[in-house]
Each structure stands twice: as structure tokens, then as C-alpha cells.
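A.B. asks: Here it is, the structure, as C-alpha cells.
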Amino acid sequence: MDRDTEAGTSSSIPTSTHDPSETTNTTTKAADPVPPLPPRPSRKLSDDGASGGALHVTAAPKPTTQVSTIDISTLSFPDGSRGTFSTSATSATRSVASPQSSASGYTSPRTDPTETMSVTSYPATLRPPGDLADLVTGEFNRRSRAWSMLRTQSSSVQPFEASRSSACDSLAGFEKEFDDIPELGEKGGITDEQRLSLWKSKMKHYMILSSAGKPIWSRHGDTSLINSYMGVVQTIISFYEGAKDPLLGFTAGNARFVISTQGPLYFVAISRLGESDAQLRSQLDALYMQILSTLTLPTLKNIFVHRPSTDLRKPLEGTESLLSSLADSFTKGSPSALLGALECLRLRKSHRATINNAFLKCRSDKLLYGLIVAGGKLVSVIRPRKHSLHPSDLQLIFNMLFESGGIRAGGGENWVPLCLPAFNNRGYLYMYVSFFDTVDISEETTTPLEPPQPATQPPKSPDEEIAIILISADKESFFDLKSMRDKLALQLAKNGSLSLIQSAARQGRPRIESILNPSSSSQIAEGQGQLSHFLYKSRANVQFCQSSLSPTFESPYSTVSGSEKGSTVSQTPETLVSRRRLMTLYHHLHSSIHAKHSHLKVLHLVSEDAASLAWITPVFEFYCVAGPNMSRGVMTQCANKVVQWAKREEERLFIIGGGVF
Amino acid sequence: MADANTPKPSSSVKLVLLGEAAVGKSSLVLRFVNNDFQENKEPTIGAAFLTQKCNLPTRTIKFEIWDTAGQERFASLAPMYYRNAQAALVVYDLTKPTSLIKAKHWVAELQRQASPGIVIALVGNKLDLTSDSAGSAEVSGDGDDNAEDSGDARKISTEEAKTYAEEEGLLFFETSAKTGHNVTEVFTAIANAIPETSLKSARGPGASHAGASRTEEQRVNLNGPRDPNAKEGCAC
């Protein structure tokens, strides 16, 4: 599928081409008298962070042994891209005062006084261009003796072990983030003050209100709780609107407020999770897309043109769960949302081709798009030649099907009118959805028992559910698409594709051990430790893959008893928190390497918690995380291996082209 | 089952569920089709299509069920679902007066625009929230009076809804999708009420009188099996 590619990546430069002009360019860049500041470990950007370019760090200097020295070297790679390493001995993710450690709780944005960094630039010619590992021969990686004595250099330390045991954990209480705030008058007699403090303890808030100040939706708290806050928010926003200087965001204490205005709607994100403004804004955009998907743009406009004070809650009724599940996926941390890309099911190229062909053969005339999805991962896509599918639209569909339970839990087949805003925000399409586990292929012929028996099959993990999604512009085409689905299901069962999909879904994501040491089964290379997790985004395909989250970021699924079928498989609190730690680090890497004017290509970050690496080229974006003691050399070696693996496996990991008709 | 050996005449019946949001339409269907119940079910989006067979002594009815979303914005799509439908379940929530008003609107729209022979059942759901859910059906004929003191959430009396159903010639049931009380009975009654003539051709006319006569029978049904059913509801 040829989705929109990001700025200038369409040329898809192969990594091996060496561009000499690029090298000289690097030299001038490096010799530039005022090199762009590398992004400091900052969790908050100033209000004008996006436009002004200057980054302010709000953290108060910490009276610890951590010295914030940064070594930077800019260098060029054989592939012609440039990279800037910066190693920081400070704890990157910890450097911002956590709620507990911040003395006042209200530090205003200011420049870190300890921002004394030594910038070392090497002309690229002084260093032989070579493997990333060659770059690590220098002194950068040497740590102070005291540091070495304080901590064992054991490579077995997993990422985030330090913060797990630390008392001032910024994610303390995150496991309660998604708990509901009890209603007034519910059993247990909760007071208004308790509710308010519960509400305030949430680390992430999203609010949607109309420009007239009418509340539309809020992730936490009911109207009685949030109405007054909505009023305050509306007053602040409209004050700046009135001054023709729209408010984009501000910081209060350790919370970042980001505001997005879309016509008559105000969107507000309040985060204490350290996301950048751009990231929060893209989350708000996704919420707006969900609203458009429900109402379409002309309807939304009409509503407010005629009556600006309309209460939009009524027309949006029933969408709250979709907005909430979308918001929660951001709060939990979604690599897909972060990278703006989709994840595909890893399949052999020939298998995927077989599925695509069967799909195309069964195609109904009414079909616009057809998708097969297993556990939120794309298996196959067919589409008309002149239309492609936009990731943000697919994000909405996947959220509806896999994150919120509305469709999956109901059973049966579904016929859902929805607008795909990136495709066309003016009208509805009709989506046929059928899950394979709810409707068995052979079931049609057998006589169901009467009275019906309670469902006895064990609950499937959501990762294994296979859905067929057929989208049409014709609202009367349900039975056409249904018969197409029946034909396709028969085909897939007959040619064995269905079991291939099932086994691929069960197998899960690739494990890092098998990528790094394909030959030796269990032996971990020389006790160097391992990468714990990586994300690899193919920019041209707007798709990404990631390694298995187990064992570091996944405890086994808590067993769900048979009676609770349909309820989403619950994660243990530890899993939730450790995933969020990982995602917070990825968010940090992502915003640092994508910071405007930074021209970063490689970013290596070591903190007390974890070592991490981000590497972008025109072809891919790569992010990985390992234990804090992994040396840069080992890390770069691993990174290279993974990138080579991804290149080798490209046609299995990603859907390239898809079925076109 | 017995019918496997001696195939009975089998026919499809298109059935549509209508009613205000969150009255329990999907839960009724889920109970009927899967004998399952989910607490805090998320709202249906658009519509869901399910099938379930219902064995009658003389024939087998295969219900093709359209479970529609109750939100206002989906109302414009409803004609697509009730067009050619032979049966409709109009559901309201016993604990929510506005839902009966909405149900009456649906009944009127169906009588105006759906197939003339359509069999309509009016169903008051969430009986488990009322005090008469334990089987004391006879006492609580008009539960409005003692609603406050007995912790009874009922807001619509059986009498009120039943009178309306009789006037309009509808089947009438009070159900609980949660306990399963009366759920299968609703569908069986509908299956019985579908006239043979309309089973052969999808749009058989003249079913309305049949539906009305059934109402009398159902009244008996309503009180008859209630007590044993209450026990059965607890067991499953």
C-alpha cells in the first residue's frame, strides 16, 4: 500500500549508498560556530517550544553525583546519513523533578543553570567511516570510578530496575490511572473532596469542550466534578483567542497543558507523563478524528453554525467509550500512535500473496477497502488502485475493534456507519466486521442446540482474534459483503491460510534473542546483556515492527475465568507500569530526535534506569532500549544486527503494496 | 436433537430490535443467542446481525436478528433494518420513563412504515432491578406506589405498559437479560405469532389480527411461567 510517506522519504535511499557530498556537508555542519543545541533531557518545552526552537529545562539541579556533561560528536555513516552521539551521564528520564521531589511543585520554566556542556566536534574525515561500533573506541564511555563502585557493572540489570525500587517514582500510582472515580452517593460514602483528590491524582487528562464552554467529554470525572474546570479552561483559551494569539500550551507544576482548537471545539490534554507538545497534540488530533468519524465535518459544522451553544454530548452519545479507549491507549503508551504507523502480522511473503489473491478473487463489486486483521495487526489489505488507506483512519478502526469492546463483545456480524476523516471527512462509509472466533465457518450447516448452551470455549487472548473488515460506500451492501466474507472464509480455510494466520498470531512478535543470535538457541552472547526491546519503523511503508514485550515488559496474562469471556484480558499492574516506563522513554527519544533544528540522526542516551538508542535515516527509524549498563559498543552492534534483520525480513514484516484492484 | 432426524419445515424470520440507547437490546440478544450476559456492555455501534434458531413443535424458525444501536444519530438508518422485517422487538427500560416514550415512537413508526403484517413485541427489560424480580409478580402490578420504600427501581408499572400493548395489539413481556427471565419466551412467542402465510412469502399480509389474538395468550403466559422461571434464572 502506498501510504503517505513522511517528508522527503519517498526516494527511499538504500542504506548502502555513500554520498560524498553529504560527508562534506557534515563537516560544515559540525564546524558551525553555533551548533544547534541537542535536546536536553527535558520533559517540558516552553510555551513557544515549537516555534521558538529554544528548549528550556524545568528541572531544578539535583544535588547528586550526576554531572550533566554531554559529549557530542557528529559523524557520518556509510549510508550518507549523519549522526550525532550525545551521551549524558545524568539520569535522562529522572532529571525532571518528580511530583514528590519537586520542592514547591510549581517550578516555572527556566534554563537549567547546570547546562554546562562540552561540545566536541570532530570533522568527519578524522575518523574512518565504519561501523557504528568503531565510534565507541574513545573515552566517552568511561565512567567515573565512584560510579563504578556504586553500581556493579553487571549486564544483567534490566531497564527501569532502579526506578522500580525507588521511592520517588514518577509513575507511582499509575496502576490506578484507569480506575473510575466513584460517583457521589455510591456505596462507601465518598466525599466530594475525596473525589476531587482522586481526579487530581490522575496523570493524564483529556478534555473536549465547545468554544461556548459546554463540556463535551472528559476522560476522568463526571460533569459535576469537571464542569467548573471546563469553565476555567474555556475562559483561559478564549482570552487568548480574543487577543488573536491562540494559546498552544502552558506548564503548571509538573503538568503540561496542551491546547488544540478545531473550529468550534477546544481540545485539552494535561499530562504528567512527560510527552512532548507535538506528541500530545497528535493525540488530541486523534480524538478530533474520532469525533469527525462519528459525525462528519459538515454535520459538525452545521450543528454549531445554527446553534453555537449546542450540547454536543447528545449527538456523540455512545462514542464516549471510543474516545476513552483511544485516550487510554495513549496514556498506556501506543507505539503505533507514537510512530504514526501500523503494525503488521509477520508472515511469509508467499503466504501473504496467497491471502491477498484469495481476497481479491472473492471481491464484491461494492467493496472499497478490505482488511484482514489479527490481534490488531494487519494481515492483508486490498484496495482500489487510486485510493490508499491512511494510518490515522486505520487507527480509529483498530481502536473501535480491538481496544473498545463495543463490537467485539456483541458477537455476530456488525454493520457500522463511520466516516474515515483522512479518506473523506464529508461522508459516511459502511464497515462490515466479522470476527472469526464468534462466527465459525462450519457453523452455518449444523443445528444449534436449543436452549442455547453457555459459551464454553476458553477466552482467547485479544492477540489471536482474527477479524475481516470490509468497507463499502453503499449502505445497502451488507449482504453483498457478508456473502463475500463467507466465500473468503471458506477460501482461507480451504487453502490453509486461516491456520497460518492463527499460528503466526499465536507466535507473537519476534523475540530479540532469535534476531541477535539466530544460530545459538539460548546462549546469550558473552554475557553482554541484551536489548530489551526495539521499535523499527519503515518510513516508506508507514509501518513498524517491534520485538516481543516479554519477558521484560510482560508478565504472563492474568488468567481470566471462563465466565468473564468478552472482558478484555487484564494486565497486571506491574506490566502496565513497566510498559509505560518503556513508552515514556520511547516518547522521550522520539521527541528528542525529532526536535526541530536538532539534525540528530543517532541519539544514545544512558540514564540510571536504562540505556537507549534512537537512529533515523531516510529509510527507517529505529529505537531500542537496554539495561543501563549496556555499553554503547554493544548497543550499536545490536542495533546494526536488528536493522539488518529488518531489512532482510522486510517483505515478511511489512505489507508492501497489498492487493490492488 | 429430535429435529435432526425428522426435518421440520424451516423458515427464516427477519427480526429487528429497536429502542432507546442502553435499554438492553444487545443484552437480550446476547442472552437469546449465546445465553450469556455482560455487565457494563459498551454501546452497539451501527447494528449487529445475528442468527439463532428457534424450534417450535411443528416447525423451525431461523431468526435473522438486526440488533440496532439506540442512539439518536443512528435513527435515520433504522428503516433499512425494519424494512421487510416480519417481527420487531421494541425494548424499553422498566426503570426509565423516557424509554417507554421512545418505545411508543418506534411502535408508531413501525405501524406506519414497516410491512403491514409485522409482529411487534413490546419488551420491558431490566426486571432484575425491580423488587418483583424475585417472583412476587402478582403483588407488584402497579409498583409505582411502593417504589421508594422498597428499593425498587421500577418506574413504569406493568399495568401501564400492558394496557398500551393491548391497545396497539402488541405482544408484551417484562424480561431480565441479566437473569435470563422471560427472554426465550419472548422469541418463542414471536415465532408462534408469525403467521404461516407470511413465512412462505417474506411480506405476508394480514398478520396483525393474529398478533392481536396472541396477545391474549401471552397474558396468560406472562403470569404462568414467571415463578418457576425466577428460580431458573438464578440457576443459570
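Residues in the C-alpha cells are named by chain (A, B, ... in the order shown) and by number from 1 within that chain; ligands are numbered from 1 in the order shown.
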Could you build a table of the residues in chain B lying no more than 9 Å from chain A, giving for each the nearest pair of atoms and their separation in Å rounded to one decimal place, using only C-alpha atoms, ordered by chain and ascending residue number, as JSON lines?

C.D. replies:
```
{"residue": "B:Met1", "atom": "CA", "partner": "A:Leu449", "partner_atom": "CA", "distance": 7.5}
{"residue": "B:Ala4", "atom": "CA", "partner": "A:Thr447", "partner_atom": "CA", "distance": 7.7}
{"residue": "B:Ala21", "atom": "CA", "partner": "A:Gly318", "partner_atom": "CA", "distance": 8.2}
{"residue": "B:Ser26", "atom": "CA", "partner": "A:Gly410", "partner_atom": "CA", "distance": 6.9}
{"residue": "B:Ser27", "atom": "CA", "partner": "A:Gly410", "partner_atom": "CA", "distance": 8.3}
{"residue": "B:Val29", "atom": "CA", "partner": "A:Gly410", "partner_atom": "CA", "distance": 8.8}
{"residue": "B:Leu30", "atom": "CA", "partner": "A:Gly410", "partner_atom": "CA", "distance": 7.0}
{"residue": "B:Arg31", "atom": "CA", "partner": "A:Pro452", "partner_atom": "CA", "distance": 8.9}
{"residue": "B:Phe32", "atom": "CA", "partner": "A:Pro452", "partner_atom": "CA", "distance": 7.5}
{"residue": "B:Val33", "atom": "CA", "partner": "A:Pro452", "partner_atom": "CA", "distance": 6.7}
{"residue": "B:Asn34", "atom": "CA", "partner": "A:Pro454", "partner_atom": "CA", "distance": 6.0}
{"residue": "B:Asn35", "atom": "CA", "partner": "A:Pro454", "partner_atom": "CA", "distance": 5.2}
{"residue": "B:Asp36", "atom": "CA", "partner": "A:Pro454", "partner_atom": "CA", "distance": 6.1}
{"residue": "B:Gln38", "atom": "CA", "partner": "A:Gly566", "partner_atom": "CA", "distance": 7.8}
{"residue": "B:Lys41", "atom": "CA", "partner": "A:Gly406", "partner_atom": "CA", "distance": 7.1}
{"residue": "B:Glu42", "atom": "CA", "partner": "A:Gly406", "partner_atom": "CA", "distance": 4.7}
{"residue": "B:Pro43", "atom": "CA", "partner": "A:Gly406", "partner_atom": "CA", "distance": 5.6}
{"residue": "B:Thr44", "atom": "CA", "partner": "A:Gly406", "partner_atom": "CA", "distance": 5.6}
{"residue": "B:Ile45", "atom": "CA", "partner": "A:Val416", "partner_atom": "CA", "distance": 6.0}
{"residue": "B:Gly46", "atom": "CA", "partner": "A:Val416", "partner_atom": "CA", "distance": 4.3}
{"residue": "B:Ala47", "atom": "CA", "partner": "A:Trp415", "partner_atom": "CA", "distance": 5.3}
{"residue": "B:Ala48", "atom": "CA", "partner": "A:Asn414", "partner_atom": "CA", "distance": 4.2}
{"residue": "B:Phe49", "atom": "CA", "partner": "A:Glu413", "partner_atom": "CA", "distance": 5.0}
{"residue": "B:Leu50", "atom": "CA", "partner": "A:Gly412", "partner_atom": "CA", "distance": 4.8}
{"residue": "B:Thr51", "atom": "CA", "partner": "A:Gly412", "partner_atom": "CA", "distance": 7.8}
{"residue": "B:Gln52", "atom": "CA", "partner": "A:Pro448", "partner_atom": "CA", "distance": 7.6}
{"residue": "B:Lys53", "atom": "CA", "partner": "A:Pro448", "partner_atom": "CA", "distance": 6.8}
{"residue": "B:Cys54", "atom": "CA", "partner": "A:Glu450", "partner_atom": "CA", "distance": 7.1}
{"residue": "B:Asn55", "atom": "CA", "partner": "A:Glu450", "partner_atom": "CA", "distance": 7.2}
{"residue": "B:Ala69", "atom": "CA", "partner": "A:Gly318", "partner_atom": "CA", "distance": 8.9}
{"residue": "B:Gly70", "atom": "CA", "partner": "A:Gly318", "partner_atom": "CA", "distance": 8.9}
{"residue": "B:Gln71", "atom": "CA", "partner": "A:Glu317", "partner_atom": "CA", "distance": 6.4}
{"residue": "B:Glu72", "atom": "CA", "partner": "A:Pro315", "partner_atom": "CA", "distance": 7.0}
{"residue": "B:Arg73", "atom": "CA", "partner": "A:Pro315", "partner_atom": "CA", "distance": 6.2}
{"residue": "B:Phe74", "atom": "CA", "partner": "A:Pro417", "partner_atom": "CA", "distance": 8.7}
{"residue": "B:Leu77", "atom": "CA", "partner": "A:Lys475", "partner_atom": "CA", "distance": 8.9}
{"residue": "B:Met80", "atom": "CA", "partner": "A:Glu476", "partner_atom": "CA", "distance": 7.6}
{"residue": "B:Thr184", "atom": "CA", "partner": "A:Pro451", "partner_atom": "CA", "distance": 8.3}
{"residue": "B:Cys236", "atom": "CA", "partner": "A:Pro454", "partner_atom": "CA", "distance": 8.9}
```

A.B. asks: With a distance cut-off of 12 Å and only C-alpha atoms, select the neighbouring residues of Leu323 (chain A), excluding the residue or stretch itself and same-chain residues fewer than 6 positions from it, and output the selection as a short mmCIF file (atom, residue, chain, number, x, y, z; two decimals) with C-alpha atoms, in the first residue's frame.

C.D. replies:
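This is the output file around29.cif:
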```cif
data_model
loop_
_atom_site.label_atom_id
_atom_site.label_comp_id
_atom_site.auth_asym_id
_atom_site.auth_seq_id
_atom_site.Cartn_x
_atom_site.Cartn_y
_atom_site.Cartn_z
CA TYR A 206 -8.17 14.87 28.21
CA MET A 207 -11.00 17.33 27.86
CA ILE A 208 -13.11 18.32 24.95
CA ILE A 216 -18.34 17.57 25.60
CA TRP A 217 -16.18 14.86 27.01
CA SER A 218 -13.58 14.30 29.67
CA ARG A 219 -11.65 11.14 30.33
CA HIS A 220 -11.99 11.34 34.08
CA GLN A 283 -3.14 12.63 20.45
CA LEU A 284 -5.65 15.44 20.52
CA ASP A 285 -5.86 15.29 16.75
CA ALA A 286 -6.74 11.63 17.01
CA LEU A 287 -9.57 12.46 19.39
CA TYR A 288 -10.81 15.06 16.93
CA MET A 289 -10.65 12.46 14.17
CA GLN A 290 -12.80 10.18 16.30
CA ILE A 291 -15.40 12.92 16.60
CA LEU A 292 -15.31 13.53 12.86
CA SER A 293 -15.56 9.82 12.30
CA THR A 294 -18.78 9.82 14.27
CA LEU A 316 -21.93 11.94 20.27
CA GLU A 317 -23.81 9.66 22.65
CA SER A 329 -4.21 3.71 24.58
CA PHE A 330 -2.23 6.97 24.54
CA LEU A 396 -9.70 4.66 14.51
CA ASN A 399 -9.40 1.26 18.28
CA MET A 400 -13.06 0.53 17.66
CA GLU A 403 -9.44 -1.55 22.18
CA SER A 404 -13.04 -0.82 22.94
#
```

A.B. asks: Out of A:Phe544, A:Phe661, A:Phe534, A:Tyr586, which residue has the shortest atom-to-atom distance to Ala639 (chain A) when counting only C-alpha atoms?

C.D. replies: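 For Ala639 (chain A), the nearest of the candidates is A:Phe534.
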
A.B. asks: Hey, can you check how far CA of Ala87 (chain B) sits from CA of Ile190 (chain B)?

C.D. replies: 7.1 Å

A.B. asks: If you count only C-alpha atoms, which residues fall within 8 Å of Thr310 (chain A), apart from same-chain ones fewer than 4 positions away, as a VMD selection string?

C.D. replies: chain A and resid 214 303 to 304

A.B. asks: Please, which residues of region 10-183 of chain B, numbered as in this document, come out strand (DSSP E) from DSSP, as a VMD selection string?

C.D. replies: chain B and resid 10 to 19 47 to 55 60 to 68 87 to 93 119 to 125 171 to 174

A.B. asks: Please dump the current selection as a compact mmCIF listing (two decimals), in the first residue's frame; keep N, CA and C atoms.

C.D. replies:
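The resulting out-v1.txt:
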```txt
# COMPACT_ATOMS: atom_id res chain seq x y z
N SER B 10 -38.55 -25.42 7.82
CA SER B 10 -37.74 -24.37 8.44
C SER B 10 -37.88 -23.09 7.63
N SER B 11 -37.99 -21.98 8.31
CA SER B 11 -38.09 -20.73 7.56
C SER B 11 -37.39 -19.61 8.32
N SER B 12 -36.96 -18.63 7.57
CA SER B 12 -36.24 -17.51 8.17
C SER B 12 -37.21 -16.40 8.51
N VAL B 13 -36.95 -15.78 9.62
CA VAL B 13 -37.74 -14.63 10.03
C VAL B 13 -36.80 -13.48 10.31
N LYS B 14 -37.05 -12.37 9.64
CA LYS B 14 -36.22 -11.19 9.89
C LYS B 14 -36.81 -10.44 11.07
N LEU B 15 -35.98 -10.23 12.07
CA LEU B 15 -36.44 -9.58 13.29
C LEU B 15 -35.53 -8.39 13.60
N VAL B 16 -36.14 -7.30 13.99
CA VAL B 16 -35.34 -6.11 14.30
C VAL B 16 -35.59 -5.68 15.74
N LEU B 17 -34.53 -5.24 16.41
CA LEU B 17 -34.68 -4.70 17.76
C LEU B 17 -34.53 -3.19 17.72
N LEU B 18 -35.52 -2.52 18.32
CA LEU B 18 -35.47 -1.07 18.35
C LEU B 18 -35.69 -0.61 19.78
N GLY B 19 -35.27 0.62 20.06
CA GLY B 19 -35.48 1.13 21.41
C GLY B 19 -34.39 2.12 21.77
N ALA B 47 -25.11 -1.42 13.79
CA ALA B 47 -26.02 -2.52 14.04
C ALA B 47 -25.25 -3.82 14.00
N ALA B 48 -25.78 -4.81 14.71
CA ALA B 48 -25.17 -6.13 14.68
C ALA B 48 -26.16 -7.11 14.10
N PHE B 49 -25.66 -8.06 13.37
CA PHE B 49 -26.51 -9.06 12.73
C PHE B 49 -26.21 -10.42 13.32
N LEU B 50 -27.22 -11.07 13.88
CA LEU B 50 -27.01 -12.38 14.48
C LEU B 50 -28.12 -13.33 14.04
N THR B 51 -27.83 -14.59 14.11
CA THR B 51 -28.88 -15.56 13.79
C THR B 51 -29.02 -16.56 14.93
N GLN B 52 -30.24 -17.04 15.10
CA GLN B 52 -30.49 -18.07 16.10
C GLN B 52 -31.73 -18.84 15.70
N LYS B 53 -31.69 -20.14 15.88
CA LYS B 53 -32.85 -20.95 15.52
C LYS B 53 -33.73 -21.16 16.72
N CYS B 54 -35.00 -21.27 16.45
CA CYS B 54 -35.98 -21.46 17.49
C CYS B 54 -36.85 -22.63 17.07
N ASN B 55 -36.82 -23.70 17.85
CA ASN B 55 -37.56 -24.91 17.49
C ASN B 55 -38.97 -24.88 18.06
N THR B 60 -39.31 -25.08 12.45
CA THR B 60 -38.13 -24.41 12.97
C THR B 60 -38.07 -23.00 12.38
N ILE B 61 -37.89 -22.05 13.26
CA ILE B 61 -37.78 -20.67 12.80
C ILE B 61 -36.33 -20.24 12.96
N LYS B 62 -35.76 -19.74 11.89
CA LYS B 62 -34.40 -19.20 12.00
C LYS B 62 -34.51 -17.68 12.04
N PHE B 63 -34.22 -17.15 13.21
CA PHE B 63 -34.28 -15.70 13.37
C PHE B 63 -33.04 -15.05 12.77
N GLU B 64 -33.26 -14.09 11.91
CA GLU B 64 -32.15 -13.24 11.46
C GLU B 64 -32.34 -11.91 12.17
N ILE B 65 -31.51 -11.69 13.16
CA ILE B 65 -31.76 -10.60 14.10
C ILE B 65 -30.89 -9.39 13.76
N TRP B 66 -31.54 -8.25 13.62
CA TRP B 66 -30.82 -6.99 13.49
C TRP B 66 -30.90 -6.27 14.83
N ASP B 67 -29.77 -6.21 15.49
CA ASP B 67 -29.71 -5.52 16.78
C ASP B 67 -29.17 -4.12 16.51
N THR B 68 -30.04 -3.13 16.58
CA THR B 68 -29.63 -1.78 16.16
C THR B 68 -29.13 -0.97 17.34
N ALA B 87 -40.81 -9.30 12.16
CA ALA B 87 -41.02 -9.15 13.59
C ALA B 87 -40.14 -8.03 14.12
N ALA B 88 -40.61 -7.40 15.16
CA ALA B 88 -39.83 -6.34 15.79
C ALA B 88 -39.95 -6.47 17.30
N LEU B 89 -38.83 -6.22 17.97
CA LEU B 89 -38.81 -6.17 19.42
C LEU B 89 -38.57 -4.72 19.79
N VAL B 90 -39.57 -4.10 20.38
CA VAL B 90 -39.37 -2.73 20.81
C VAL B 90 -39.11 -2.77 22.32
N VAL B 91 -37.93 -2.35 22.69
CA VAL B 91 -37.47 -2.56 24.06
C VAL B 91 -37.47 -1.23 24.82
N TYR B 92 -37.92 -1.27 26.07
CA TYR B 92 -37.74 -0.11 26.95
C TYR B 92 -37.18 -0.59 28.28
N ASP B 93 -36.77 0.37 29.05
CA ASP B 93 -36.14 0.10 30.34
C ASP B 93 -37.18 0.38 31.43
N VAL B 119 -45.05 -8.42 13.25
CA VAL B 119 -45.39 -8.78 14.63
C VAL B 119 -44.51 -7.97 15.56
N ILE B 120 -45.13 -7.19 16.40
CA ILE B 120 -44.34 -6.33 17.29
C ILE B 120 -44.50 -6.80 18.72
N ALA B 121 -43.37 -6.92 19.40
CA ALA B 121 -43.41 -7.24 20.82
C ALA B 121 -42.85 -6.07 21.60
N LEU B 122 -43.59 -5.65 22.61
CA LEU B 122 -43.10 -4.60 23.50
C LEU B 122 -42.46 -5.29 24.70
N VAL B 123 -41.20 -4.94 24.95
CA VAL B 123 -40.46 -5.65 26.00
C VAL B 123 -39.90 -4.65 27.01
N GLY B 124 -40.30 -4.83 28.25
CA GLY B 124 -39.74 -4.02 29.33
C GLY B 124 -38.59 -4.78 29.96
N ASN B 125 -37.39 -4.27 29.82
CA ASN B 125 -36.21 -5.01 30.27
C ASN B 125 -35.73 -4.48 31.62
N LEU B 171 -47.45 -7.87 21.41
CA LEU B 171 -47.08 -8.82 22.45
C LEU B 171 -46.42 -8.04 23.56
N PHE B 172 -46.57 -8.52 24.79
CA PHE B 172 -45.95 -7.76 25.88
C PHE B 172 -45.25 -8.67 26.87
N PHE B 173 -44.03 -8.29 27.21
CA PHE B 173 -43.25 -9.07 28.18
C PHE B 173 -42.44 -8.14 29.07
N GLU B 174 -42.20 -8.59 30.27
CA GLU B 174 -41.17 -7.94 31.08
C GLU B 174 -40.06 -8.96 31.26
```

A.B. asks: As JSON, numbers by chain, please: every residue in region 389-440 of chain A that DSSP puts in helix (DSSP H, G or I).

C.D. replies: {"A": [391, 392, 393, 394, 395, 396, 397, 398, 399, 400, 401, 402, 403]}

A.B. asks: I'd like the interatomic distance between CA of Phe267 (chain A) and CA of Glu621 (chain A), to a tenth of an Å.

C.D. replies: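 That distance, rounded to one decimal, is 29.3 Å.
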
A.B. asks: Just want the 9 Å neighbourhood of Arg348 (chain A), counted on only C-alpha atoms, with same-chain residues fewer than 4 positions away dropped. Output as a PyMOL selection string.

C.D. replies: chain A and resi 352-353+651-653

A.B. asks: Can you write just those residues out, N, CA and C atoms, as a compact mmCIF listing (two decimals), in the first residue's frame?

C.D. replies:
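Generated file (result.txt):
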```
# COMPACT_ATOMS: atom_id res chain seq x y z
N ARG A 352 1.36 -14.40 2.37
CA ARG A 352 0.60 -13.17 2.27
C ARG A 352 0.03 -13.02 0.86
N ALA A 353 0.82 -13.40 -0.12
CA ALA A 353 0.34 -13.30 -1.50
C ALA A 353 -0.88 -14.20 -1.72
N GLU A 651 9.94 -7.99 3.64
CA GLU A 651 8.71 -8.40 2.98
C GLU A 651 7.85 -9.29 3.87
N ARG A 652 8.41 -9.77 4.95
CA ARG A 652 7.59 -10.52 5.90
C ARG A 652 7.00 -9.59 6.95
N LEU A 653 7.80 -8.63 7.35
CA LEU A 653 7.37 -7.75 8.43
C LEU A 653 6.33 -6.75 7.97
```
